[in-house]
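One file, structure_6.pdb, carrying PDB, C-alpha atoms and all ligand atoms:
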MODEL        1
ATOM      1  CA  MET A 135     191.187   6.985  67.351  1.00  0.00           C
ATOM      2  CA  GLY A 136     193.572   4.036  67.106  1.00  0.00           C
ATOM      3  CA  THR A 137     193.812   0.961  69.281  1.00  0.00           C
ATOM      4  CA  VAL A 138     196.740   2.369  71.267  1.00  0.00           C
ATOM      5  CA  THR A 139     194.670   5.422  72.279  1.00  0.00           C
ATOM      6  CA  TRP A 140     191.865   3.209  73.544  1.00  0.00           C
ATOM      7  CA  ILE A 141     194.308   1.084  75.520  1.00  0.00           C
ATOM      8  CA  LEU A 142     195.695   4.266  77.126  1.00  0.00           C
ATOM      9  CA  VAL A 143     192.185   5.513  77.937  1.00  0.00           C
ATOM     10  CA  GLY A 144     191.320   2.118  79.420  1.00  0.00           C
ATOM     11  CA  ALA A 145     194.499   2.027  81.507  1.00  0.00           C
ATOM     12  CA  GLU A 146     193.802   5.532  82.779  1.00  0.00           C
ATOM     13  CA  TRP A 147     190.253   4.535  83.682  1.00  0.00           C
ATOM     14  CA  ILE A 148     191.466   1.496  85.622  1.00  0.00           C
ATOM     15  CA  PHE A 149     193.967   3.783  87.379  1.00  0.00           C
ATOM     16  CA  MET A 150     191.126   6.163  88.347  1.00  0.00           C
ATOM     17  CA  ALA A 151     189.111   3.242  89.744  1.00  0.00           C
ATOM     18  CA  PHE A 152     192.172   2.149  91.717  1.00  0.00           C
ATOM     19  CA  ILE A 153     192.683   5.669  93.153  1.00  0.00           C
ATOM     20  CA  CYS A 154     188.987   5.784  94.115  1.00  0.00           C
ATOM     21  CA  ALA A 155     189.264   2.385  95.817  1.00  0.00           C
ATOM     22  CA  VAL A 156     192.259   3.566  97.862  1.00  0.00           C
ATOM     23  CA  ILE A 157     190.616   6.854  98.908  1.00  0.00           C
ATOM     24  CA  GLY A 158     187.332   5.046  99.552  1.00  0.00           C
ATOM     25  CA  THR A 159     189.080   2.508 101.784  1.00  0.00           C
ATOM     26  CA  MET A 160     190.720   5.303 103.788  1.00  0.00           C
ATOM     27  CA  LYS A 161     187.328   6.929 104.253  1.00  0.00           C
ATOM     28  CA  GLY A 162     185.640   3.664 105.255  1.00  0.00           C
ATOM     29  CA  ASN A 163     183.693   3.386 102.019  1.00  0.00           C
ATOM     30  CA  PRO A 164     185.654   1.145  99.625  1.00  0.00           C
ATOM     31  CA  ILE A 165     182.720  -0.271  97.626  1.00  0.00           C
ATOM     32  CA  SER A 166     181.039   2.981  96.604  1.00  0.00           C
ATOM     33  CA  GLY A 167     184.486   4.528  96.114  1.00  0.00           C
ATOM     34  CA  THR A 168     185.453   1.860  93.598  1.00  0.00           C
ATOM     35  CA  PHE A 169     182.017   2.079  91.976  1.00  0.00           C
ATOM     36  CA  LEU A 170     182.333   5.848  91.492  1.00  0.00           C
ATOM     37  CA  GLY A 171     185.812   5.392  90.042  1.00  0.00           C
ATOM     38  CA  ILE A 172     184.632   2.823  87.497  1.00  0.00           C
ATOM     39  CA  THR A 173     181.480   4.671  86.450  1.00  0.00           C
ATOM     40  CA  LEU A 174     182.660   8.302  86.525  1.00  0.00           C
ATOM     41  CA  GLY A 175     186.452   8.050  86.177  1.00  0.00           C
ATOM     42  CA  PRO A 176     188.172  11.383  86.987  1.00  0.00           C
ATOM     43  CA  LEU A 177     184.898  12.897  88.251  1.00  0.00           C
ATOM     44  CA  GLY A 178     184.460   9.911  90.569  1.00  0.00           C
ATOM     45  CA  VAL A 179     187.892  10.597  92.077  1.00  0.00           C
ATOM     46  CA  LEU A 180     186.768  14.148  92.842  1.00  0.00           C
ATOM     47  CA  ILE A 181     183.495  12.985  94.401  1.00  0.00           C
ATOM     48  CA  VAL A 182     185.261  10.404  96.567  1.00  0.00           C
ATOM     49  CA  LEU A 183     187.784  13.049  97.664  1.00  0.00           C
ATOM     50  CA  LEU A 184     184.984  15.407  98.713  1.00  0.00           C
ATOM     51  CA  SER A 185     182.825  12.688 100.262  1.00  0.00           C
ATOM     52  CA  LYS A 186     182.305  12.378 103.988  1.00  0.00           C
ATOM     53  CA  ASP A 187     184.898  10.437 105.927  1.00  0.00           C
ATOM     54  CA  LYS A 188     183.019   7.611 107.638  1.00  0.00           C
ATOM     55  CA  ASN A 189     186.015   6.578 109.739  1.00  0.00           C
ATOM     56  CA  ARG A 190     186.280   9.970 111.391  1.00  0.00           C
ATOM     57  CA  VAL A 191     183.854  11.706 113.717  1.00  0.00           C
ATOM     58  CA  PRO A 192     184.060  15.091 115.448  1.00  0.00           C
ATOM     59  CA  CYS A 193     185.229  15.047 119.066  1.00  0.00           C
ATOM     60  CA  PRO A 194     182.371  16.007 121.447  1.00  0.00           C
ATOM     61  CA  TYR A 195     184.752  18.309 123.389  1.00  0.00           C
ATOM     62  CA  CYS A 196     186.913  20.090 120.836  1.00  0.00           C
ATOM     63  CA  ALA A 197     184.973  19.252 117.623  1.00  0.00           C
ATOM     64  CA  LYS A 198     188.116  18.197 115.805  1.00  0.00           C
ATOM     65  CA  LYS A 199     187.947  15.083 113.642  1.00  0.00           C
ATOM     66  CA  ILE A 200     189.092  11.936 115.381  1.00  0.00           C
ATOM     67  CA  GLN A 201     189.081   8.215 114.562  1.00  0.00           C
ATOM     68  CA  LYS A 202     185.664   6.654 115.148  1.00  0.00           C
ATOM     69  CA  ALA A 203     187.144   3.894 117.330  1.00  0.00           C
ATOM     70  CA  ALA A 204     189.214   6.316 119.429  1.00  0.00           C
ATOM     71  CA  LYS A 205     188.765   6.180 123.201  1.00  0.00           C
ATOM     72  CA  ILE A 206     190.818   9.275 123.915  1.00  0.00           C
ATOM     73  CA  CYS A 207     190.784  12.386 121.720  1.00  0.00           C
ATOM     74  CA  PHE A 208     194.012  12.893 119.839  1.00  0.00           C
ATOM     75  CA  HIS A 209     193.691  16.680 120.063  1.00  0.00           C
ATOM     76  CA  CYS A 210     192.385  17.498 123.567  1.00  0.00           C
ATOM     77  CA  GLN A 211     193.265  14.180 125.320  1.00  0.00           C
ATOM     78  CA  LYS A 212     189.751  13.849 126.775  1.00  0.00           C
ATOM     79  CA  GLU A 213     188.184  10.440 127.222  1.00  0.00           C
ATOM     80  CA  ILE A 214     185.383   9.715 124.761  1.00  0.00           C
ATOM     81  CA  VAL A 215     182.454   8.016 126.470  1.00  0.00           C
ATOM     82  CA  GLY A 216     179.520   6.385 124.702  1.00  0.00           C
ATOM     83  CA  ASN A 217     181.513   5.614 121.587  1.00  0.00           C
ATOM     84  CA  ALA A 218     180.261   2.045 121.236  1.00  0.00           C
ATOM     85  CA  THR A 219     181.500   1.283 117.728  1.00  0.00           C
TER      86      THR A 219
HETATM   87 ZN    ZN A 301     188.928  16.562 121.477  1.00  0.00          ZN
ENDMDL
END
Is it possible to express this structure as structure tokens?
Amino acid sequence: MGTVTWILVGAEWIFMAFICAVIGTMKGNPISGTFLGITLGPLGVLIVLLSKDKNRVPCPYCAKKIQKAAKICFHCQKEIVGNAT
């Protein structure tokens, strides 16, 4: 393979790491997201996509995913008590 091919592969890899960092940040896990992107490339993107969303928790009333910091459920409008963080 020539130099140009390697540059393209490298650019693609950096792009994968960037995608992983963005998805990881959205899921509240930017460091391991970026790490997976750098080490595994395209596979890392898939793992980060399938990984658990740390910023979202199920509502105790309707079990739909809501923001961890939410005081009132977006779906059923019930007040969330005991959600310290
Ligand atoms: Zn709810």
Query - For Phe152 in chain A: contacts at 9 Å, all atoms listed in the file, fewer than 5 positions along chain excluded, given as a VMD selection string - result: chain A and resid 147 157 168 171 to 172
Could those selected residues go to a file with C-alpha atoms, as a short mmCIF file (atom, residue, chain, number, x, y, z; two decimals), in the coordinates of the input?
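Dumped to selection.cif:
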data_model
loop_
_atom_site.label_atom_id
_atom_site.label_comp_id
_atom_site.auth_asym_id
_atom_site.auth_seq_id
_atom_site.Cartn_x
_atom_site.Cartn_y
_atom_site.Cartn_z
CA TRP A 147 190.25 4.54 83.68
CA ILE A 157 190.62 6.85 98.91
CA THR A 168 185.45 1.86 93.60
CA GLY A 171 185.81 5.39 90.04
CA ILE A 172 184.63 2.82 87.50
#
**Report entry** Ser185 in chain A surroundings by all atoms listed in the file, 9 Å radius, close-in-sequence under 5 positions cut, as a PyMOL selection string
**Finding:** chain A and resi 158+161+180
Using all atoms listed in the file, what are the residues with an atom within 9 Å of ligand ZN 301 (chain A), set out as a PDB file with C-alpha atoms, keeping the file's coordinate frame?
ATOM      1  CA  PRO A 192     184.060  15.091 115.448  1.00  0.00           C
ATOM      2  CA  CYS A 193     185.229  15.047 119.066  1.00  0.00           C
ATOM      3  CA  PRO A 194     182.371  16.007 121.447  1.00  0.00           C
ATOM      4  CA  TYR A 195     184.752  18.309 123.389  1.00  0.00           C
ATOM      5  CA  CYS A 196     186.913  20.090 120.836  1.00  0.00           C
ATOM      6  CA  ALA A 197     184.973  19.252 117.623  1.00  0.00           C
ATOM      7  CA  LYS A 198     188.116  18.197 115.805  1.00  0.00           C
ATOM      8  CA  LYS A 199     187.947  15.083 113.642  1.00  0.00           C
ATOM      9  CA  ILE A 200     189.092  11.936 115.381  1.00  0.00           C
ATOM     10  CA  ILE A 206     190.818   9.275 123.915  1.00  0.00           C
ATOM     11  CA  CYS A 207     190.784  12.386 121.720  1.00  0.00           C
ATOM     12  CA  PHE A 208     194.012  12.893 119.839  1.00  0.00           C
ATOM     13  CA  HIS A 209     193.691  16.680 120.063  1.00  0.00           C
ATOM     14  CA  CYS A 210     192.385  17.498 123.567  1.00  0.00           C
ATOM     15  CA  GLN A 211     193.265  14.180 125.320  1.00  0.00           C
ATOM     16  CA  LYS A 212     189.751  13.849 126.775  1.00  0.00           C
ATOM     17  CA  GLU A 213     188.184  10.440 127.222  1.00  0.00           C
ATOM     18  CA  ILE A 214     185.383   9.715 124.761  1.00  0.00           C
TER      19      ILE A 214
END
Query - One-decimal distance in Å that lies between CA of Val191 in chain A and CA of Leu174 in chain A - result: 27.4 Å
Requested in this report: Take the PyMOL selection byres (((chain A and resi 189) around 8) and not hetatm), apply it to the structure above, and return the hits as a list in words.
Outcome: Met160, Lys161, Gly162, Asp187, Lys188, Arg190, Val191, Gln201 and Lys202 of chain A
Report summary line: Atom pair CA of Gly178 in chain A + CA of Thr159 in chain A, distance 14.2 Å
Query raised in the report: So what do you get for CA of Cys154 in chain A versus CA of Val182 in chain A, distance-wise?
Result: 6.4 Å
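In this comparison, which uses all atoms listed in the file, the residue of A:Ile148, A:Pro164, A:Ala203, A:Val215 approaching Pro176 in chain A most closely is A:Ile148.
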Requested in this report: Kindly indicate which residue among A:Phe169, A:Asn163, A:Ala145, A:Ala204 lies nearest to Lys186 in chain A, using only C-alpha atoms for the distances.
Outcome: A:Asn163
Query raised in the report: From the list A:Gly167, A:Lys205, A:Glu146, A:Trp140, which residue is nearest Val179 in chain A when using only C-alpha atoms?
Result: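 Looking only at the distances to Val179 in chain A, the closest residue turns out to be A:Gly167.
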Report task. Show which residues sit within 8 Å of Gly175 in chain A, as number ranges by chain. Count all atoms listed in the file, and ignore same-chain residues fewer than 5 positions away. Result -> A: 147, 150-151, 170
For the residues in that selection, give me C-alpha atoms as a compact mmCIF listing (two decimals), in the frame of the given file.
# COMPACT_ATOMS: atom_id res chain seq x y z
CA TRP A 147 190.25 4.54 83.68
CA MET A 150 191.13 6.16 88.35
CA ALA A 151 189.11 3.24 89.74
CA LEU A 170 182.33 5.85 91.49
